[in-house]
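target_37.tsv follows (TSV, N, CA and C atoms):
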```tsv
chain	number	residue	atom	x	y	z
A	1	MET	N	27.85	-55.77	-21.84
A	1	MET	CA	27.66	-55.77	-23.27
A	1	MET	C	26.84	-54.54	-23.67
A	2	GLU	N	27.27	-53.87	-24.70
A	2	GLU	CA	26.59	-52.67	-25.16
A	2	GLU	C	25.33	-53.03	-25.95
A	3	LYS	N	24.32	-52.18	-25.81
A	3	LYS	CA	23.09	-52.35	-26.55
A	3	LYS	C	23.33	-51.93	-28.01
A	4	PRO	N	22.86	-52.71	-28.97
A	4	PRO	CA	23.06	-52.34	-30.37
A	4	PRO	C	22.39	-51.01	-30.71
A	5	LEU	N	22.95	-50.31	-31.67
A	5	LEU	CA	22.41	-49.03	-32.07
A	5	LEU	C	21.14	-49.17	-32.90
A	6	LEU	N	20.97	-50.29	-33.54
A	6	LEU	CA	19.81	-50.50	-34.40
A	6	LEU	C	18.83	-51.44	-33.68
A	7	THR	N	17.96	-50.87	-32.87
A	7	THR	CA	16.97	-51.65	-32.14
A	7	THR	C	15.59	-51.35	-32.71
A	8	PRO	N	14.62	-52.22	-32.44
A	8	PRO	CA	13.26	-51.95	-32.94
A	8	PRO	C	12.73	-50.57	-32.53
A	9	ASN	N	13.08	-50.13	-31.33
A	9	ASN	CA	12.59	-48.82	-30.88
A	9	ASN	C	13.19	-47.69	-31.70
A	10	TYR	N	14.47	-47.78	-32.05
A	10	TYR	CA	15.09	-46.75	-32.89
A	10	TYR	C	14.51	-46.77	-34.31
A	11	VAL	N	14.29	-47.96	-34.84
A	11	VAL	CA	13.69	-48.06	-36.18
A	11	VAL	C	12.26	-47.54	-36.14
A	12	TRP	N	11.53	-47.86	-35.07
A	12	TRP	CA	10.16	-47.34	-34.91
A	12	TRP	C	10.18	-45.81	-34.95
A	13	ASN	N	11.08	-45.21	-34.19
A	13	ASN	CA	11.16	-43.75	-34.15
A	13	ASN	C	11.45	-43.16	-35.52
A	14	ALA	N	12.33	-43.83	-36.29
A	14	ALA	CA	12.64	-43.35	-37.63
A	14	ALA	C	11.41	-43.42	-38.54
A	15	TYR	N	10.71	-44.57	-38.52
A	15	TYR	CA	9.49	-44.70	-39.32
A	15	TYR	C	8.44	-43.70	-38.87
A	16	ALA	N	8.29	-43.54	-37.57
A	16	ALA	CA	7.29	-42.62	-37.04
A	16	ALA	C	7.56	-41.20	-37.51
A	17	THR	N	8.82	-40.81	-37.59
A	17	THR	CA	9.19	-39.49	-38.07
A	17	THR	C	8.90	-39.35	-39.56
A	18	LEU	N	9.26	-40.36	-40.35
A	18	LEU	CA	9.06	-40.30	-41.80
A	18	LEU	C	7.58	-40.34	-42.18
A	19	GLU	N	6.81	-41.17	-41.48
A	19	GLU	CA	5.41	-41.37	-41.85
A	19	GLU	C	4.43	-40.55	-41.01
A	20	LYS	N	4.95	-39.77	-40.08
A	20	LYS	CA	4.10	-38.99	-39.18
A	20	LYS	C	3.06	-39.89	-38.52
A	21	THR	N	3.55	-40.95	-37.90
A	21	THR	CA	2.71	-41.95	-37.25
A	21	THR	C	1.99	-41.37	-36.05
A	22	LYS	N	0.70	-41.69	-35.95
A	22	LYS	CA	-0.10	-41.21	-34.82
A	22	LYS	C	-0.01	-42.16	-33.63
A	23	SER	N	0.28	-43.41	-33.91
A	23	SER	CA	0.33	-44.43	-32.86
A	23	SER	C	1.58	-44.25	-32.00
A	24	GLU	N	1.41	-44.43	-30.71
A	24	GLU	CA	2.55	-44.36	-29.81
A	24	GLU	C	3.40	-45.62	-29.95
A	25	ARG	N	4.68	-45.47	-29.69
A	25	ARG	CA	5.59	-46.62	-29.75
A	25	ARG	C	5.18	-47.64	-28.70
A	26	PRO	N	5.18	-48.91	-29.08
A	26	PRO	CA	4.83	-49.95	-28.11
A	26	PRO	C	5.80	-49.98	-26.94
A	27	LYS	N	5.32	-50.48	-25.80
A	27	LYS	CA	6.16	-50.57	-24.61
A	27	LYS	C	7.23	-51.65	-24.77
A	28	GLU	N	6.89	-52.73	-25.43
A	28	GLU	CA	7.79	-53.87	-25.60
A	28	GLU	C	8.52	-53.78	-26.95
A	29	GLU	N	9.80	-54.10	-26.96
A	29	GLU	CA	10.55	-54.09	-28.22
A	29	GLU	C	10.05	-55.17	-29.18
A	30	LEU	N	9.62	-56.31	-28.66
A	30	LEU	CA	9.07	-57.36	-29.52
A	30	LEU	C	7.82	-56.86	-30.24
A	31	THR	N	6.98	-56.13	-29.52
A	31	THR	CA	5.78	-55.56	-30.13
A	31	THR	C	6.16	-54.56	-31.22
A	32	ALA	N	7.17	-53.75	-30.96
A	32	ALA	CA	7.64	-52.80	-31.97
A	32	ALA	C	8.16	-53.53	-33.20
A	33	LEU	N	8.90	-54.61	-32.98
A	33	LEU	CA	9.45	-55.38	-34.10
A	33	LEU	C	8.33	-55.99	-34.94
A	34	ILE	N	7.34	-56.59	-34.29
A	34	ILE	CA	6.21	-57.18	-35.03
A	34	ILE	C	5.47	-56.09	-35.81
A	35	SER	N	5.26	-54.95	-35.18
A	35	SER	CA	4.58	-53.84	-35.86
A	35	SER	C	5.36	-53.37	-37.08
A	36	LEU	N	6.67	-53.27	-36.94
A	36	LEU	CA	7.52	-52.86	-38.07
A	36	LEU	C	7.47	-53.88	-39.20
A	37	ILE	N	7.54	-55.15	-38.87
A	37	ILE	CA	7.49	-56.20	-39.90
A	37	ILE	C	6.15	-56.16	-40.62
A	38	ARG	N	5.07	-56.00	-39.88
A	38	ARG	CA	3.74	-55.92	-40.51
A	38	ARG	C	3.65	-54.72	-41.45
A	39	ARG	N	4.26	-53.61	-41.08
A	39	ARG	CA	4.22	-52.42	-41.93
A	39	ARG	C	5.07	-52.62	-43.18
A	40	VAL	N	6.28	-53.12	-43.02
A	40	VAL	CA	7.19	-53.30	-44.15
A	40	VAL	C	6.65	-54.33	-45.13
A	41	CYS	N	6.01	-55.38	-44.63
A	41	CYS	CA	5.46	-56.43	-45.50
A	41	CYS	C	4.14	-56.03	-46.14
A	42	GLY	N	3.58	-54.89	-45.75
A	42	GLY	CA	2.34	-54.43	-46.35
A	42	GLY	C	1.09	-54.98	-45.68
A	43	ILE	N	1.23	-55.69	-44.56
A	43	ILE	CA	0.06	-56.20	-43.86
A	43	ILE	C	-0.75	-55.03	-43.29
A	44	ASP	N	-0.05	-54.05	-42.76
A	44	ASP	CA	-0.69	-52.83	-42.26
A	44	ASP	C	-0.31	-51.67	-43.16
A	45	ALA	N	-1.30	-50.84	-43.50
A	45	ALA	CA	-1.05	-49.70	-44.39
A	45	ALA	C	-0.26	-48.60	-43.69
A	46	GLU	N	-0.37	-48.53	-42.38
A	46	GLU	CA	0.38	-47.52	-41.62
A	46	GLU	C	1.01	-48.20	-40.41
A	47	LEU	N	2.02	-47.56	-39.89
A	47	LEU	CA	2.70	-48.09	-38.71
A	47	LEU	C	1.83	-47.85	-37.49
A	48	LYS	N	1.46	-48.94	-36.83
A	48	LYS	CA	0.67	-48.82	-35.61
A	48	LYS	C	1.11	-49.93	-34.66
A	49	ALA	N	1.01	-49.63	-33.40
A	49	ALA	CA	1.43	-50.59	-32.38
A	49	ALA	C	0.52	-51.82	-32.43
A	50	TYR	N	1.13	-52.98	-32.58
A	50	TYR	CA	0.34	-54.20	-32.71
A	50	TYR	C	-0.44	-54.52	-31.45
A	51	ASP	N	0.05	-54.09	-30.30
A	51	ASP	CA	-0.71	-54.32	-29.08
A	51	ASP	C	-2.05	-53.57	-29.11
A	52	SER	N	-2.09	-52.42	-29.78
A	52	SER	CA	-3.37	-51.70	-29.91
A	52	SER	C	-4.29	-52.43	-30.88
A	53	THR	N	-3.73	-53.11	-31.89
A	53	THR	CA	-4.54	-53.92	-32.80
A	53	THR	C	-5.16	-55.09	-32.05
A	54	ILE	N	-4.36	-55.76	-31.21
A	54	ILE	CA	-4.88	-56.87	-30.41
A	54	ILE	C	-5.99	-56.37	-29.49
A	55	GLU	N	-5.76	-55.24	-28.85
A	55	GLU	CA	-6.77	-54.65	-27.95
A	55	GLU	C	-8.06	-54.34	-28.69
A	56	ALA	N	-7.96	-53.73	-29.87
A	56	ALA	CA	-9.15	-53.39	-30.65
A	56	ALA	C	-9.90	-54.65	-31.09
A	57	ASN	N	-9.16	-55.66	-31.56
A	57	ASN	CA	-9.80	-56.91	-31.97
A	57	ASN	C	-10.48	-57.61	-30.80
A	58	PHE	N	-9.83	-57.59	-29.64
A	58	PHE	CA	-10.40	-58.20	-28.44
A	58	PHE	C	-11.70	-57.49	-28.06
A	59	ASN	N	-11.67	-56.17	-28.03
A	59	ASN	CA	-12.87	-55.41	-27.66
A	59	ASN	C	-14.01	-55.64	-28.64
A	60	LYS	N	-13.68	-55.71	-29.93
A	60	LYS	CA	-14.71	-55.97	-30.95
A	60	LYS	C	-15.30	-57.36	-30.76
A	61	TRP	N	-14.48	-58.35	-30.46
A	61	TRP	CA	-14.94	-59.72	-30.26
A	61	TRP	C	-15.82	-59.81	-29.00
A	62	ILE	N	-15.39	-59.17	-27.90
A	62	ILE	CA	-16.19	-59.18	-26.67
A	62	ILE	C	-17.54	-58.53	-26.92
A	63	PHE	N	-17.54	-57.40	-27.61
A	63	PHE	CA	-18.80	-56.71	-27.91
A	63	PHE	C	-19.72	-57.62	-28.72
A	64	LYS	N	-19.16	-58.31	-29.71
A	64	LYS	CA	-19.95	-59.22	-30.54
A	64	LYS	C	-20.52	-60.37	-29.71
A	65	GLN	N	-19.73	-60.89	-28.77
A	65	GLN	CA	-20.20	-61.98	-27.93
A	65	GLN	C	-21.32	-61.53	-26.98
A	66	HIS	N	-21.33	-60.26	-26.64
A	66	HIS	CA	-22.31	-59.77	-25.67
A	66	HIS	C	-23.54	-59.16	-26.32
A	67	THR	N	-23.67	-59.26	-27.63
A	67	THR	CA	-24.86	-58.76	-28.31
A	67	THR	C	-25.69	-59.93	-28.78
A	68	GLY	N	-26.96	-59.70	-28.96
A	68	GLY	CA	-27.84	-60.75	-29.47
A	68	GLY	C	-28.13	-61.82	-28.44
A	69	GLN	N	-28.27	-63.04	-28.92
A	69	GLN	CA	-28.68	-64.16	-28.08
A	69	GLN	C	-27.52	-64.91	-27.43
A	70	HIS	N	-26.30	-64.44	-27.61
A	70	HIS	CA	-25.14	-65.13	-27.05
A	70	HIS	C	-25.16	-65.08	-25.52
A	71	ASN	N	-24.54	-66.07	-24.92
A	71	ASN	CA	-24.35	-66.04	-23.48
A	71	ASN	C	-23.26	-65.02	-23.16
A	72	ARG	N	-23.50	-64.25	-22.15
A	72	ARG	CA	-22.51	-63.24	-21.75
A	72	ARG	C	-21.48	-63.88	-20.83
A	73	PHE	N	-20.25	-63.37	-20.89
A	73	PHE	CA	-19.20	-63.86	-20.01
A	73	PHE	C	-19.40	-63.29	-18.61
A	74	THR	N	-19.05	-64.09	-17.61
A	74	THR	CA	-19.07	-63.61	-16.23
A	74	THR	C	-17.86	-62.71	-16.02
A	75	ALA	N	-17.84	-62.02	-14.89
A	75	ALA	CA	-16.69	-61.16	-14.57
A	75	ALA	C	-15.41	-61.99	-14.47
A	76	GLU	N	-15.51	-63.18	-13.89
A	76	GLU	CA	-14.33	-64.05	-13.76
A	76	GLU	C	-13.84	-64.50	-15.13
A	77	GLN	N	-14.76	-64.85	-16.02
A	77	GLN	CA	-14.37	-65.27	-17.36
A	77	GLN	C	-13.73	-64.11	-18.12
A	78	LEU	N	-14.28	-62.91	-17.96
A	78	LEU	CA	-13.68	-61.73	-18.61
A	78	LEU	C	-12.28	-61.47	-18.08
A	79	ASP	N	-12.06	-61.67	-16.79
A	79	ASP	CA	-10.71	-61.52	-16.23
A	79	ASP	C	-9.76	-62.50	-16.90
A	80	TRP	N	-10.18	-63.74	-17.04
A	80	TRP	CA	-9.37	-64.77	-17.70
A	80	TRP	C	-9.07	-64.38	-19.13
A	81	LEU	N	-10.09	-63.98	-19.85
A	81	LEU	CA	-9.91	-63.60	-21.25
A	81	LEU	C	-8.94	-62.42	-21.38
A	82	ARG	N	-9.04	-61.46	-20.47
A	82	ARG	CA	-8.10	-60.33	-20.51
A	82	ARG	C	-6.67	-60.79	-20.23
A	83	MET	N	-6.51	-61.74	-19.30
A	83	MET	CA	-5.17	-62.25	-19.02
A	83	MET	C	-4.61	-63.00	-20.23
A	84	ILE	N	-5.45	-63.73	-20.93
A	84	ILE	CA	-5.01	-64.43	-22.14
A	84	ILE	C	-4.63	-63.40	-23.21
A	85	LYS	N	-5.43	-62.35	-23.35
A	85	LYS	CA	-5.12	-61.28	-24.31
A	85	LYS	C	-3.78	-60.63	-23.96
A	86	ASP	N	-3.56	-60.35	-22.68
A	86	ASP	CA	-2.30	-59.75	-22.26
A	86	ASP	C	-1.12	-60.68	-22.55
A	87	HIS	N	-1.34	-61.98	-22.39
A	87	HIS	CA	-0.30	-62.96	-22.73
A	87	HIS	C	0.01	-62.90	-24.22
A	88	LEU	N	-1.03	-62.79	-25.04
A	88	LEU	CA	-0.83	-62.69	-26.49
A	88	LEU	C	-0.06	-61.42	-26.85
A	89	VAL	N	-0.35	-60.33	-26.17
A	89	VAL	CA	0.34	-59.07	-26.45
A	89	VAL	C	1.84	-59.22	-26.20
A	90	SER	N	2.19	-59.95	-25.14
A	90	SER	CA	3.61	-60.05	-24.79
A	90	SER	C	4.33	-61.20	-25.49
A	91	SER	N	3.60	-62.22	-25.97
A	91	SER	CA	4.30	-63.37	-26.56
A	91	SER	C	3.85	-63.72	-27.97
A	92	TYR	N	2.74	-63.18	-28.44
A	92	TYR	CA	2.22	-63.37	-29.80
A	92	TYR	C	1.76	-64.77	-30.12
A	93	HIS	N	1.65	-65.62	-29.16
A	93	HIS	CA	1.04	-66.92	-29.38
A	93	HIS	C	0.63	-67.49	-28.03
A	94	ILE	N	-0.23	-68.47	-28.10
A	94	ILE	CA	-0.62	-69.15	-26.88
A	94	ILE	C	-0.86	-70.62	-27.22
A	95	GLU	N	-0.42	-71.45	-26.34
A	95	GLU	CA	-0.63	-72.89	-26.48
A	95	GLU	C	-1.36	-73.38	-25.25
A	96	ILE	N	-1.94	-74.55	-25.32
A	96	ILE	CA	-2.69	-75.08	-24.20
A	96	ILE	C	-1.83	-75.17	-22.94
A	97	ASP	N	-0.54	-75.47	-23.10
A	97	ASP	CA	0.36	-75.55	-21.94
A	97	ASP	C	0.53	-74.20	-21.25
A	98	ASP	N	0.34	-73.10	-22.00
A	98	ASP	CA	0.47	-71.78	-21.40
A	98	ASP	C	-0.56	-71.54	-20.29
A	99	LEU	N	-1.66	-72.27	-20.34
A	99	LEU	CA	-2.69	-72.13	-19.30
A	99	LEU	C	-2.20	-72.67	-17.97
A	100	ASP	N	-1.11	-73.44	-17.99
A	100	ASP	CA	-0.53	-73.97	-16.75
A	100	ASP	C	0.47	-73.03	-16.11
A	101	TYR	N	0.82	-71.93	-16.79
A	101	TYR	CA	1.81	-71.00	-16.27
A	101	TYR	C	1.15	-69.89	-15.47
A	102	THR	N	1.91	-69.33	-14.57
A	102	THR	CA	1.43	-68.15	-13.85
A	102	THR	C	1.41	-66.99	-14.83
A	103	PRO	N	0.54	-66.02	-14.72
A	103	PRO	CA	-0.49	-65.85	-13.71
A	103	PRO	C	-1.78	-66.59	-14.02
A	104	LEU	N	-1.88	-67.21	-15.20
A	104	LEU	CA	-3.12	-67.90	-15.55
A	104	LEU	C	-3.46	-69.02	-14.57
A	105	MET	N	-2.46	-69.81	-14.18
A	105	MET	CA	-2.72	-70.90	-13.27
A	105	MET	C	-3.05	-70.39	-11.88
A	106	LEU	N	-2.38	-69.34	-11.44
A	106	LEU	CA	-2.69	-68.76	-10.14
A	106	LEU	C	-4.12	-68.27	-10.10
A	107	LYS	N	-4.56	-67.67	-11.20
A	107	LYS	CA	-5.94	-67.20	-11.29
A	107	LYS	C	-6.89	-68.38	-11.21
A	108	ALA	N	-6.55	-69.45	-11.88
A	108	ALA	CA	-7.40	-70.64	-11.86
A	108	ALA	C	-7.49	-71.22	-10.46
A	109	GLU	N	-6.36	-71.30	-9.78
A	109	GLU	CA	-6.37	-71.84	-8.42
A	109	GLU	C	-7.14	-70.92	-7.49
A	110	LYS	N	-6.95	-69.63	-7.64
A	110	LYS	CA	-7.63	-68.67	-6.77
A	110	LYS	C	-9.13	-68.77	-6.95
A	111	GLU	N	-9.58	-68.91	-8.15
A	111	GLU	CA	-11.01	-68.94	-8.44
A	111	GLU	C	-11.56	-70.37	-8.48
A	112	LYS	N	-10.68	-71.34	-8.24
A	112	LYS	CA	-11.05	-72.75	-8.29
A	112	LYS	C	-11.68	-73.10	-9.64
A	113	CYS	N	-11.07	-72.54	-10.68
A	113	CYS	CA	-11.54	-72.82	-12.04
A	113	CYS	C	-10.77	-74.01	-12.58
A	114	THR	N	-11.47	-75.06	-12.85
A	114	THR	CA	-10.82	-76.21	-13.46
A	114	THR	C	-11.39	-76.52	-14.83
A	115	ASN	N	-12.45	-75.82	-15.22
A	115	ASN	CA	-13.09	-76.08	-16.50
A	115	ASN	C	-12.68	-75.02	-17.50
A	116	TYR	N	-11.77	-75.36	-18.42
A	116	TYR	CA	-11.30	-74.41	-19.43
A	116	TYR	C	-12.27	-74.30	-20.61
A	117	SER	N	-13.30	-75.15	-20.64
A	117	SER	CA	-14.18	-75.17	-21.79
A	117	SER	C	-15.06	-73.92	-21.88
A	118	ALA	N	-15.15	-73.12	-20.82
A	118	ALA	CA	-15.94	-71.90	-20.88
A	118	ALA	C	-15.31	-70.85	-21.78
A	119	ILE	N	-14.00	-70.97	-22.01
A	119	ILE	CA	-13.31	-70.04	-22.89
A	119	ILE	C	-13.35	-70.61	-24.30
A	120	LYS	N	-14.08	-69.95	-25.17
A	120	LYS	CA	-14.25	-70.46	-26.53
A	120	LYS	C	-13.20	-69.93	-27.43
```

Turn the structure described in the file into structure tokens.
Amino acid sequence: MEKPLLTPNYVWNAYATLEKTKSERPKEELTALISLIRRVCGIDAELKAYDSTIEANFNKWIFKQHTGQHNRFTAEQLDWLRMIKDHLVSSYHIEIDDLDYTPLMLKAEKEKCTNYSAIK
């Protein structure tokens, strides 16, 4: 079956050319599609890869959690949080059942983590 000529990556390239976008095209077509929809609907003022938005929001949240009187995350907890962030980048949602899927479950078994309440 032939790949359609109008894919999110082709539309991204067209918008990037018209708007002189500084953001690199996302690696995933789903990410490109979400980014395009956010731009067309006016959610974002400029076309930018949504995975970079997730990354920026994650980093800002981690920084906020690690300042002041808050408890800091352990290295293992940070690994888990990064894996959850990566899951969000690729699927745009997470449900409690997703914690039972690999690689999250493999990480839990490897680290013998059974208490999910540490992730707020």

Using the file's own x, y and z axes, so that the box edges lie along x, y and z, what centre and edge lengths in Å (one decimal) does a box around every listed atom of segment 61-72 of chain A get when 6 Å is added on each side? Give it as lines of an AutoDock Vina configuration file.
```
center_x = -21.6
center_y = -61.4
center_z = -25.7
size_x = 26.2
size_y = 21.4
size_z = 21.7
```

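The space between atom C of Ser52 of chain A and atom N of Ala16 of chain A spans 16.8 Å.
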
| field | Point-to-point distance in Å for atom CA of Lys60 of chain A and atom C of Tyr15 of chain A | value |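 Value for the atom C of Tyr15 of chain A-atom CA of Lys60 of chain A distance: 27.4 Å.
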
| What does the distance from atom CA of Asn57 of chain A to atom C of Tyr10 of chain A come to in Å, to one decimal? |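 Value for the atom CA of Asn57 of chain A-atom C of Tyr10 of chain A distance: 26.4 Å.
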
| task | Excluding Lys85 of chain A and any residue of its chain fewer than 5 positions from it, enumerate the residues within 8 Å of it, using only N, CA and C atoms, and give them as a ChimeraX atom specification. | result | /A:54-55,58,79-80,90-91

Export N, CA and C atoms of the chosen residues as a tab-separated table (two decimals), in the frame of the given file?
```
chain	number	residue	atom	x	y	z
A	54	ILE	N	-4.36	-55.76	-31.21
A	54	ILE	CA	-4.88	-56.87	-30.41
A	54	ILE	C	-5.99	-56.37	-29.49
A	55	GLU	N	-5.76	-55.24	-28.85
A	55	GLU	CA	-6.77	-54.65	-27.95
A	55	GLU	C	-8.06	-54.34	-28.69
A	58	PHE	N	-9.83	-57.59	-29.64
A	58	PHE	CA	-10.40	-58.20	-28.44
A	58	PHE	C	-11.70	-57.49	-28.06
A	79	ASP	N	-12.06	-61.67	-16.79
A	79	ASP	CA	-10.71	-61.52	-16.23
A	79	ASP	C	-9.76	-62.50	-16.90
A	80	TRP	N	-10.18	-63.74	-17.04
A	80	TRP	CA	-9.37	-64.77	-17.70
A	80	TRP	C	-9.07	-64.38	-19.13
A	90	SER	N	2.19	-59.95	-25.14
A	90	SER	CA	3.61	-60.05	-24.79
A	90	SER	C	4.33	-61.20	-25.49
A	91	SER	N	3.60	-62.22	-25.97
A	91	SER	CA	4.30	-63.37	-26.56
A	91	SER	C	3.85	-63.72	-27.97
```

| query | Please, which residues of segment 28-67 of chain A, numbered as in this document, come out alpha helix (DSSP H) from DSSP, as an MDAnalysis selection string? | reply | chainID A and resid 29:40 50:65

What does the file look like for those residues with N, CA and C atoms, as a PDB file, in the coordinates of the input?
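Listing of again.pdb after writing:
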```
ATOM      1  N   GLU A  29       9.800 -54.100 -26.960  1.00  0.00           N
ATOM      2  CA  GLU A  29      10.550 -54.090 -28.220  1.00  0.00           C
ATOM      3  C   GLU A  29      10.050 -55.170 -29.180  1.00  0.00           C
ATOM      4  N   LEU A  30       9.620 -56.310 -28.660  1.00  0.00           N
ATOM      5  CA  LEU A  30       9.070 -57.360 -29.520  1.00  0.00           C
ATOM      6  C   LEU A  30       7.820 -56.860 -30.240  1.00  0.00           C
ATOM      7  N   THR A  31       6.980 -56.130 -29.520  1.00  0.00           N
ATOM      8  CA  THR A  31       5.780 -55.560 -30.130  1.00  0.00           C
ATOM      9  C   THR A  31       6.160 -54.560 -31.220  1.00  0.00           C
ATOM     10  N   ALA A  32       7.170 -53.750 -30.960  1.00  0.00           N
ATOM     11  CA  ALA A  32       7.640 -52.800 -31.970  1.00  0.00           C
ATOM     12  C   ALA A  32       8.160 -53.530 -33.200  1.00  0.00           C
ATOM     13  N   LEU A  33       8.900 -54.610 -32.980  1.00  0.00           N
ATOM     14  CA  LEU A  33       9.450 -55.380 -34.100  1.00  0.00           C
ATOM     15  C   LEU A  33       8.330 -55.990 -34.940  1.00  0.00           C
ATOM     16  N   ILE A  34       7.340 -56.590 -34.290  1.00  0.00           N
ATOM     17  CA  ILE A  34       6.210 -57.180 -35.030  1.00  0.00           C
ATOM     18  C   ILE A  34       5.470 -56.090 -35.810  1.00  0.00           C
ATOM     19  N   SER A  35       5.260 -54.950 -35.180  1.00  0.00           N
ATOM     20  CA  SER A  35       4.580 -53.840 -35.860  1.00  0.00           C
ATOM     21  C   SER A  35       5.360 -53.370 -37.080  1.00  0.00           C
ATOM     22  N   LEU A  36       6.670 -53.270 -36.940  1.00  0.00           N
ATOM     23  CA  LEU A  36       7.520 -52.860 -38.070  1.00  0.00           C
ATOM     24  C   LEU A  36       7.470 -53.880 -39.200  1.00  0.00           C
ATOM     25  N   ILE A  37       7.540 -55.150 -38.870  1.00  0.00           N
ATOM     26  CA  ILE A  37       7.490 -56.200 -39.900  1.00  0.00           C
ATOM     27  C   ILE A  37       6.150 -56.160 -40.620  1.00  0.00           C
ATOM     28  N   ARG A  38       5.070 -56.000 -39.880  1.00  0.00           N
ATOM     29  CA  ARG A  38       3.740 -55.920 -40.510  1.00  0.00           C
ATOM     30  C   ARG A  38       3.650 -54.720 -41.450  1.00  0.00           C
ATOM     31  N   ARG A  39       4.260 -53.610 -41.080  1.00  0.00           N
ATOM     32  CA  ARG A  39       4.220 -52.420 -41.930  1.00  0.00           C
ATOM     33  C   ARG A  39       5.070 -52.620 -43.180  1.00  0.00           C
ATOM     34  N   VAL A  40       6.280 -53.120 -43.020  1.00  0.00           N
ATOM     35  CA  VAL A  40       7.190 -53.300 -44.150  1.00  0.00           C
ATOM     36  C   VAL A  40       6.650 -54.330 -45.130  1.00  0.00           C
ATOM     37  N   TYR A  50       1.130 -52.980 -32.580  1.00  0.00           N
ATOM     38  CA  TYR A  50       0.340 -54.200 -32.710  1.00  0.00           C
ATOM     39  C   TYR A  50      -0.440 -54.520 -31.450  1.00  0.00           C
ATOM     40  N   ASP A  51       0.050 -54.090 -30.300  1.00  0.00           N
ATOM     41  CA  ASP A  51      -0.710 -54.320 -29.080  1.00  0.00           C
ATOM     42  C   ASP A  51      -2.050 -53.570 -29.110  1.00  0.00           C
ATOM     43  N   SER A  52      -2.090 -52.420 -29.780  1.00  0.00           N
ATOM     44  CA  SER A  52      -3.370 -51.700 -29.910  1.00  0.00           C
ATOM     45  C   SER A  52      -4.290 -52.430 -30.880  1.00  0.00           C
ATOM     46  N   THR A  53      -3.730 -53.110 -31.890  1.00  0.00           N
ATOM     47  CA  THR A  53      -4.540 -53.920 -32.800  1.00  0.00           C
ATOM     48  C   THR A  53      -5.160 -55.090 -32.050  1.00  0.00           C
ATOM     49  N   ILE A  54      -4.360 -55.760 -31.210  1.00  0.00           N
ATOM     50  CA  ILE A  54      -4.880 -56.870 -30.410  1.00  0.00           C
ATOM     51  C   ILE A  54      -5.990 -56.370 -29.490  1.00  0.00           C
ATOM     52  N   GLU A  55      -5.760 -55.240 -28.850  1.00  0.00           N
ATOM     53  CA  GLU A  55      -6.770 -54.650 -27.950  1.00  0.00           C
ATOM     54  C   GLU A  55      -8.060 -54.340 -28.690  1.00  0.00           C
ATOM     55  N   ALA A  56      -7.960 -53.730 -29.870  1.00  0.00           N
ATOM     56  CA  ALA A  56      -9.150 -53.390 -30.650  1.00  0.00           C
ATOM     57  C   ALA A  56      -9.900 -54.650 -31.090  1.00  0.00           C
ATOM     58  N   ASN A  57      -9.160 -55.660 -31.560  1.00  0.00           N
ATOM     59  CA  ASN A  57      -9.800 -56.910 -31.970  1.00  0.00           C
ATOM     60  C   ASN A  57     -10.480 -57.610 -30.800  1.00  0.00           C
ATOM     61  N   PHE A  58      -9.830 -57.590 -29.640  1.00  0.00           N
ATOM     62  CA  PHE A  58     -10.400 -58.200 -28.440  1.00  0.00           C
ATOM     63  C   PHE A  58     -11.700 -57.490 -28.060  1.00  0.00           C
ATOM     64  N   ASN A  59     -11.670 -56.170 -28.030  1.00  0.00           N
ATOM     65  CA  ASN A  59     -12.870 -55.410 -27.660  1.00  0.00           C
ATOM     66  C   ASN A  59     -14.010 -55.640 -28.640  1.00  0.00           C
ATOM     67  N   LYS A  60     -13.680 -55.710 -29.930  1.00  0.00           N
ATOM     68  CA  LYS A  60     -14.710 -55.970 -30.950  1.00  0.00           C
ATOM     69  C   LYS A  60     -15.300 -57.360 -30.760  1.00  0.00           C
ATOM     70  N   TRP A  61     -14.480 -58.350 -30.460  1.00  0.00           N
ATOM     71  CA  TRP A  61     -14.940 -59.720 -30.260  1.00  0.00           C
ATOM     72  C   TRP A  61     -15.820 -59.810 -29.000  1.00  0.00           C
ATOM     73  N   ILE A  62     -15.390 -59.170 -27.900  1.00  0.00           N
ATOM     74  CA  ILE A  62     -16.190 -59.180 -26.670  1.00  0.00           C
ATOM     75  C   ILE A  62     -17.540 -58.530 -26.920  1.00  0.00           C
ATOM     76  N   PHE A  63     -17.540 -57.400 -27.610  1.00  0.00           N
ATOM     77  CA  PHE A  63     -18.800 -56.710 -27.910  1.00  0.00           C
ATOM     78  C   PHE A  63     -19.720 -57.620 -28.720  1.00  0.00           C
ATOM     79  N   LYS A  64     -19.160 -58.310 -29.710  1.00  0.00           N
ATOM     80  CA  LYS A  64     -19.950 -59.220 -30.540  1.00  0.00           C
ATOM     81  C   LYS A  64     -20.520 -60.370 -29.710  1.00  0.00           C
ATOM     82  N   GLN A  65     -19.730 -60.890 -28.770  1.00  0.00           N
ATOM     83  CA  GLN A  65     -20.200 -61.980 -27.930  1.00  0.00           C
ATOM     84  C   GLN A  65     -21.320 -61.530 -26.980  1.00  0.00           C
TER      85      GLN A  65
END
```

| field | Distance query segment 32-39 of chain A at most 12 Å, only C-alpha atoms, self and fewer than 2 positions along chain excluded, as JSON, numbers by chain | value | {"A": [6, 7, 8, 9, 10, 11, 12, 13, 14, 15, 16, 19, 21, 23, 24, 25, 26, 27, 28, 29, 30, 41, 42, 43, 44, 45, 46, 47, 48, 49, 50, 51, 52, 53, 54, 89, 90, 91, 92]}
